[in-house]
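Enquirer: Let me give you the structure first, and then I'll get to my questions.
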Amino acid sequence: MKATILYITLLLFLASCNSDDCNNAVCTDDFRLVAVSVVDQNNMNVELDSTRSTVDNGTILVIENIEPGFEDSYIVVDDSHMDDLPGSNNIVTFNGWKNGIEVVDQEFVITRDCCHIGKGEGPDQIVIE
């Protein structure tokens with residue numbers, strides 16, 4: 001009998017949870033980001049002139065890539081873009097230019113839940129020629 005009541009209570013609890021409803025989500029104050037380093041074939045850091053991250057729906061994310069502690073990396077996306085990511089898995093294309101030439105064109109799968117973004121797929125480092 002106790003097991004039946006526990007089972008029914010558990011089913012009701014699970015049925016009341018809606019993964020699309022973020023109103024009752026308890027989030028941490030962490031600020032999360034996805035970053036990537038860009039190196040040449042000798043593993044030397046490449047300084048890009050400009051970068052752009054674009055969501056597969058065409059939304060261009062505005063990212064300031066001057067972050068303390070990230071001198072050797074470029075931010076692909078961060079928590080400030082939660083509203084720009086429409087689904088739980090989003091394709092974001094990171095582009096980078098050097099001397100007016102596009103040298104980086106890399107897709108990432110960016111995950112999103114009620115609280116934070118994360119990297120589902122994509123490299124930590126991009127090697128350019």
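By order of appearance in the structure tokens: chains A, B, ..., then residues from 1 within every chain, and ligands from 1 in the order shown.
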Write out as a list of chain:residue names the residues lying within 9 Å of region 43-51 of chain A, counting only C-alpha atoms and excluding same-chain residues fewer than 3 positions away.
Expert: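 Surrounding residues, per the criterion: A:Ser37, A:Val38, A:Val39, A:Asp40, A:Ile63, A:Asn65, A:Asp72, A:Ser73, A:Tyr74, A:Val76, A:Phe94, A:Asn95, A:Gly96, A:Trp97, A:Lys98, A:Asn99, A:Gly100, A:Val103, A:Val104, A:Val127, A:Ile128.
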Enquirer: For Asp79 (chain A), which residue among A:Val36, A:Val109, A:Ile117, A:Cys27 is the nearest when counting only C-alpha atoms?
Expert: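 With only C-alpha atoms as the atom set, the closest residue is A:Ile117.
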Enquirer: So what do you get for CA of Val34 (chain A) versus CA of Glu129 (chain A), distance-wise?
Expert: 23.0 Å
Enquirer: Can you tell me, as a PyMOL selection string, what residues are no more than 12 Å from Asp83 (chain A) when counting only C-alpha atoms, ignoring any on the same chain fewer than 2 positions away?
Expert: chain A and resi 55+59+61+77-81+85-88+90+112-117
Enquirer: Pick out each residue of region 36-89 of chain A that DSSP on the backbone tags as strand (DSSP E or B); I need them as an NGL selection string.
Expert: :A and (36-39 or 45 or 50-55 or 60-61 or 74-78 or 89)
Enquirer: Using only C-alpha atoms, can you tell me which of A:Gln125, A:Gln106, A:Thr111, A:Thr54 comes closest to Met82 (chain A)?
Expert: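 Looking only at the distances to Met82 (chain A), the closest residue turns out to be A:Thr111.
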Enquirer: Suppose you want the space between CA of Asp124 (chain A) and CA of Thr93 (chain A); what is it in Å?
Expert: 14.1 Å
Enquirer: Distance CA of Asp105 (chain A)-CA of Asn42 (chain A), one decimal place?
Expert: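 Between CA of Asp105 (chain A) and CA of Asn42 (chain A) the gap is 19.7 Å.
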